[in-house]
Amino acid sequence: MKKNISILIGICFCFLQSFAQNEIDKEAKRLENLCRKNSRTPDSLSFYGKQLLSHGKKHSHLKAIIEGYFALGYSNSLQSKENIAITYLDSAIAYKKEASEKYFPDMMRIMRNKAIIYSRKGEFNTAERIYREIITACKANQKMGAVALNYNDLGIAFKQQGKLDSAVVYYKKAMHIWDSIGKEAPKTTLYLNIGNAQLEQKNDKQSTLSFKRGLKIAEQYKNERDIYRFYNNLSISYRNLKQYDSAYYFLRKLIPYYHTKKLVYLENLAYMNIGNTLFQERKLDSAEWYLQKSLRGLKPTQQVNSIGENYRLLSYVFFHDHKINLAKTYLDSSNAINVKHHLKSHLVKDYNLYARIYEKLNDFKKATEYYKLEKQISDSIYAAKTAKDYNELLVEQNVKQQQHKIKDLSNTNSIYKSNLFIAFLFILVLLVFSIILYKNYRKGKKEITQLQEELDVFKSTTAPIEANFIHLKSKAVLNTIDILYIKSDGHYLEIFTQDKNKPEIERSTLTEFLNTLPEGDFIRTHKSYIVNIHKIKIINSTQLMLQNGEWIKLSRTYKQDLKDILNKE
């Protein structure tokens, strides 16, 4: 009897325990669904995420803990609080071992979101490392769909760095996976990304083909969101190809859809694209109407990139309509936004348009200042990108060199491993290198000495330069005898004379201006300089010193021209 009672109690206990666990699971699932439902509303997502995390910790419910941390991380990510978001995601990832195979997809999703945040922060090396870790794990678990998704994300990270060729490589890897497992629907995103990369590469014909292929798949699977994204991108491709009727066709499909869905930003972006297309056709009145309409609609969205671009497009319209003061007013608005938000690529366009406006106003000094600003910003963008690319290339080369070194050392015979052989080889290479350097030095010194002697002979035997007056566009008149050198500065030339501290400014090219100077008295010494031969005092391998003590660049390309003139005389 006692034994039966014990069994009955045990069964009841198991039943109650199972019932309690079921209730815990149901509550966790309810809160998870609420998090998913509010995934675009940061405050609600945070509220339910905290409840889910608290529930998970109270009942040692692993899935609830992981999803609670993820919800809080995603909520902060939506609010651009990247560092806080990463902290919450790392808290979820700390359970990776416990999650094991059961929650493997969830853990990969969390790691992928972490990589996306690092990519958004510009920390691409960290993002790439995480993506590769996910790809390796997914391949090991035969989760090829997840591999394709992460290849796509890796491509996006490379595109954000401006490495478009690398981006396309990873998009195509993802495409190959979807082909191999027979899935068509996910390829729409890849065709969008490939087409966008081709757009940036100015490969408009290829981008049009990519967008058309993607549109066909999106229409097959009735993927409404992607269908309209393809419409938008096709309108841009056709506009770049100057096929304006096709561009209008797709733009006019967009507006009713965006209006119905209450997508205010996208609707007004479509109006802006219509205005831009009309401007390309130089239909200025219609372009102004659409751009004014889009500007009114964009302002409440606070999308600074698009608002600034809209102002600049209106400035272009007024500039081409010869309403110069109005063009400057709208450009001032564009520039204020781009300066405030440090949008360098937009500033380059602003400064170029400012320079053109001031040229129209005959204020060449101001125009020159803005051309210089345009060049400075362009150079700074290029320098930053080049330095980053160089550092990454250097790291890659160092890794490759180390790998080759290890491989070579493991396969080399014992004699080549000896310190004596390495020392002998090093001394031999050093000796050969030193001999080459010495010979080049002697040859260069001899060449410069000879050139200097030829210059002295030229100056002592050539008749003095005759007075020759040239008239500049600024109405200034210069005697060529007084000119020391001419320097190219963007679209303008700076003409330096021996009696003035400041140069005269002329809008011209060095090639055009050289043709106006007396033949045989002036020579191009560099892509940016013309020099009066009679004013040269000293010649060395890479520079010339003039009579006023100023040094001017002498490039190898033009050194032979100088030799020819001196030998000829």
# chains A, B, ... in the order shown; residues from 1 in each chain; ligands from 1
$ residues_around --residues "A:Glu369" --least-positions-apart "4" --cutoff "8 Å" --atoms "only C-alpha atoms" --output "ChimeraX atom specification"
/A:355,365,373
$ residues_around --residues "A:Ser488" --least-positions-apart "3" --cutoff "10 Å" --atoms "only C-alpha atoms" --output "ChimeraX atom specification"
/A:491-495,505-510,526-530
$ closest_residue --among "A:Glu27, A:Asp43, A:Asp285, A:Glu504" --to "A:Val477" --atoms "only C-alpha atoms"
A:Glu504
$ atom_distance --atom1 "atom CA of A:Val304" --atom2 "atom CA of A:Ser207"
26.7 Å
$ atom_distance --atom1 "atom CA of A:Thr188" --atom2 "atom CA of A:Glu32"
28.7 Å
$ decode --residues "stretch 165-215 of chain A" --atoms "N, CA and C atoms" --output "mmCIF file, in the first residue's frame"
data_model
loop_
_atom_site.group_PDB
_atom_site.id
_atom_site.type_symbol
_atom_site.label_atom_id
_atom_site.label_comp_id
_atom_site.auth_asym_id
_atom_site.auth_seq_id
_atom_site.Cartn_x
_atom_site.Cartn_y
_atom_site.Cartn_z
ATOM 1 N N ASP A 165 34.738 45.754 -56.031
ATOM 2 C CA ASP A 165 35.067 44.474 -56.683
ATOM 3 C C ASP A 165 34.991 43.320 -55.688
ATOM 4 N N SER A 166 35.542 43.541 -54.473
ATOM 5 C CA SER A 166 35.486 42.503 -53.437
ATOM 6 C C SER A 166 34.044 42.235 -53.017
ATOM 7 N N ALA A 167 33.250 43.300 -52.932
ATOM 8 C CA ALA A 167 31.838 43.152 -52.550
ATOM 9 C C ALA A 167 31.119 42.229 -53.543
ATOM 10 N N VAL A 168 31.335 42.475 -54.843
ATOM 11 C CA VAL A 168 30.662 41.670 -55.873
ATOM 12 C C VAL A 168 31.100 40.210 -55.794
ATOM 13 N N VAL A 169 32.376 39.966 -55.465
ATOM 14 C CA VAL A 169 32.883 38.587 -55.320
ATOM 15 C C VAL A 169 32.059 37.839 -54.272
ATOM 16 N N TYR A 170 31.815 38.483 -53.110
ATOM 17 C CA TYR A 170 31.070 37.808 -52.037
ATOM 18 C C TYR A 170 29.582 37.690 -52.362
ATOM 19 N N TYR A 171 29.021 38.690 -53.059
ATOM 20 C CA TYR A 171 27.623 38.564 -53.491
ATOM 21 C C TYR A 171 27.470 37.345 -54.402
ATOM 22 N N LYS A 172 28.441 37.157 -55.305
ATOM 23 C CA LYS A 172 28.363 36.034 -56.251
ATOM 24 C C LYS A 172 28.575 34.687 -55.552
ATOM 25 N N LYS A 173 29.386 34.670 -54.489
ATOM 26 C CA LYS A 173 29.530 33.439 -53.694
ATOM 27 C C LYS A 173 28.186 33.056 -53.079
ATOM 28 N N ALA A 174 27.496 34.071 -52.548
ATOM 29 C CA ALA A 174 26.165 33.817 -51.966
ATOM 30 C C ALA A 174 25.201 33.338 -53.046
ATOM 31 N N MET A 175 25.273 33.952 -54.225
ATOM 32 C CA MET A 175 24.399 33.571 -55.343
ATOM 33 C C MET A 175 24.637 32.108 -55.715
ATOM 34 N N HIS A 176 25.914 31.705 -55.754
ATOM 35 C CA HIS A 176 26.259 30.326 -56.110
ATOM 36 C C HIS A 176 25.640 29.330 -55.110
ATOM 37 N N ILE A 177 25.643 29.702 -53.823
ATOM 38 C CA ILE A 177 25.063 28.812 -52.801
ATOM 39 C C ILE A 177 23.560 28.673 -53.012
ATOM 40 N N TRP A 178 22.865 29.808 -53.233
ATOM 41 C CA TRP A 178 21.413 29.723 -53.441
ATOM 42 C C TRP A 178 21.100 28.887 -54.679
ATOM 43 N N ASP A 179 21.948 29.015 -55.722
ATOM 44 C CA ASP A 179 21.752 28.184 -56.928
ATOM 45 C C ASP A 179 21.927 26.701 -56.603
ATOM 46 N N SER A 180 22.976 26.406 -55.802
ATOM 47 C CA SER A 180 23.303 24.998 -55.524
ATOM 48 C C SER A 180 22.235 24.312 -54.672
ATOM 49 N N ILE A 181 21.546 25.096 -53.814
ATOM 50 C CA ILE A 181 20.511 24.464 -52.986
ATOM 51 C C ILE A 181 19.106 24.695 -53.559
ATOM 52 N N GLY A 182 19.066 25.297 -54.760
ATOM 53 C CA GLY A 182 17.803 25.418 -55.488
ATOM 54 C C GLY A 182 16.828 26.414 -54.919
ATOM 55 N N LYS A 183 17.320 27.528 -54.348
ATOM 56 C CA LYS A 183 16.420 28.559 -53.801
ATOM 57 C C LYS A 183 16.555 29.831 -54.634
ATOM 58 N N GLU A 184 15.427 30.316 -55.140
ATOM 59 C CA GLU A 184 15.422 31.490 -56.002
ATOM 60 C C GLU A 184 15.085 32.777 -55.247
ATOM 61 N N ALA A 185 14.109 32.708 -54.354
ATOM 62 C CA ALA A 185 13.578 33.916 -53.710
ATOM 63 C C ALA A 185 14.665 34.778 -53.044
ATOM 64 N N PRO A 186 15.635 34.189 -52.294
ATOM 65 C CA PRO A 186 16.631 35.041 -51.628
ATOM 66 C C PRO A 186 17.564 35.783 -52.594
ATOM 67 N N LYS A 187 17.567 35.387 -53.876
ATOM 68 C CA LYS A 187 18.489 36.000 -54.840
ATOM 69 C C LYS A 187 18.106 37.436 -55.194
ATOM 70 N N THR A 188 16.852 37.836 -54.852
ATOM 71 C CA THR A 188 16.452 39.217 -55.166
ATOM 72 C C THR A 188 17.359 40.220 -54.463
ATOM 73 N N THR A 189 17.648 39.967 -53.177
ATOM 74 C CA THR A 189 18.526 40.871 -52.413
ATOM 75 C C THR A 189 19.911 40.938 -53.042
ATOM 76 N N LEU A 190 20.417 39.797 -53.504
ATOM 77 C CA LEU A 190 21.755 39.771 -54.106
ATOM 78 C C LEU A 190 21.789 40.548 -55.418
ATOM 79 N N TYR A 191 20.750 40.402 -56.231
ATOM 80 C CA TYR A 191 20.709 41.177 -57.482
ATOM 81 C C TYR A 191 20.629 42.683 -57.199
ATOM 82 N N LEU A 192 19.904 43.046 -56.130
ATOM 83 C CA LEU A 192 19.870 44.454 -55.728
ATOM 84 C C LEU A 192 21.268 44.943 -55.355
ATOM 85 N N ASN A 193 21.961 44.153 -54.540
ATOM 86 C CA ASN A 193 23.284 44.562 -54.075
ATOM 87 C C ASN A 193 24.306 44.596 -55.205
ATOM 88 N N ILE A 194 24.262 43.586 -56.079
ATOM 89 C CA ILE A 194 25.187 43.566 -57.229
ATOM 90 C C ILE A 194 24.913 44.761 -58.133
ATOM 91 N N GLY A 195 23.637 45.012 -58.411
ATOM 92 C CA GLY A 195 23.272 46.146 -59.263
ATOM 93 C C GLY A 195 23.712 47.474 -58.668
ATOM 94 N N ASN A 196 23.556 47.624 -57.343
ATOM 95 C CA ASN A 196 23.972 48.878 -56.690
ATOM 96 C C ASN A 196 25.482 49.072 -56.776
ATOM 97 N N ALA A 197 26.242 47.984 -56.616
ATOM 98 C CA ALA A 197 27.702 48.075 -56.748
ATOM 99 C C ALA A 197 28.077 48.480 -58.174
ATOM 100 N N GLN A 198 27.395 47.904 -59.162
ATOM 101 C CA GLN A 198 27.663 48.259 -60.563
ATOM 102 C C GLN A 198 27.283 49.709 -60.847
ATOM 103 N N LEU A 199 26.215 50.191 -60.190
ATOM 104 C CA LEU A 199 25.843 51.614 -60.327
ATOM 105 C C LEU A 199 26.987 52.504 -59.859
ATOM 106 N N GLU A 200 27.553 52.180 -58.705
ATOM 107 C CA GLU A 200 28.651 52.985 -58.161
ATOM 108 C C GLU A 200 29.900 52.906 -59.025
ATOM 109 N N GLN A 201 30.061 51.781 -59.740
ATOM 110 C CA GLN A 201 31.198 51.626 -60.645
ATOM 111 C C GLN A 201 30.928 52.281 -61.997
ATOM 112 N N LYS A 202 29.779 52.982 -62.125
ATOM 113 C CA LYS A 202 29.362 53.645 -63.371
ATOM 114 C C LYS A 202 29.120 52.633 -64.498
ATOM 115 N N ASN A 203 28.853 51.391 -64.122
ATOM 116 C CA ASN A 203 28.575 50.346 -65.113
ATOM 117 C C ASN A 203 27.061 50.212 -65.239
ATOM 118 N N ASP A 204 26.447 51.223 -65.865
ATOM 119 C CA ASP A 204 24.988 51.336 -65.854
ATOM 120 C C ASP A 204 24.292 50.249 -66.667
ATOM 121 N N LYS A 205 24.910 49.814 -67.764
ATOM 122 C CA LYS A 205 24.287 48.748 -68.572
ATOM 123 C C LYS A 205 24.192 47.450 -67.775
ATOM 124 N N GLN A 206 25.282 47.102 -67.085
ATOM 125 C CA GLN A 206 25.281 45.874 -66.286
ATOM 126 C C GLN A 206 24.320 45.980 -65.100
ATOM 127 N N SER A 207 24.280 47.166 -64.474
ATOM 128 C CA SER A 207 23.373 47.336 -63.327
ATOM 129 C C SER A 207 21.928 47.177 -63.777
ATOM 130 N N THR A 208 21.603 47.681 -64.973
ATOM 131 C CA THR A 208 20.243 47.533 -65.501
ATOM 132 C C THR A 208 19.895 46.058 -65.680
ATOM 133 N N LEU A 209 20.830 45.282 -66.208
ATOM 134 C CA LEU A 209 20.596 43.838 -66.390
ATOM 135 C C LEU A 209 20.385 43.139 -65.047
ATOM 136 N N SER A 210 21.226 43.491 -64.052
ATOM 137 C CA SER A 210 21.100 42.878 -62.715
ATOM 138 C C SER A 210 19.746 43.184 -62.101
ATOM 139 N N PHE A 211 19.321 44.462 -62.194
ATOM 140 C CA PHE A 211 18.034 44.852 -61.612
ATOM 141 C C PHE A 211 16.867 44.149 -62.325
ATOM 142 N N LYS A 212 16.975 43.984 -63.644
ATOM 143 C CA LYS A 212 15.901 43.308 -64.388
ATOM 144 C C LYS A 212 15.785 41.843 -63.974
ATOM 145 N N ARG A 213 16.943 41.181 -63.800
ATOM 146 C CA ARG A 213 16.922 39.771 -63.375
ATOM 147 C C ARG A 213 16.290 39.647 -61.986
ATOM 148 N N GLY A 214 16.690 40.546 -61.090
ATOM 149 C CA GLY A 214 16.126 40.513 -59.743
ATOM 150 C C GLY A 214 14.642 40.804 -59.729
ATOM 151 N N LEU A 215 14.214 41.780 -60.569
ATOM 152 C CA LEU A 215 12.796 42.139 -60.638
ATOM 153 C C LEU A 215 11.956 40.945 -61.090
#
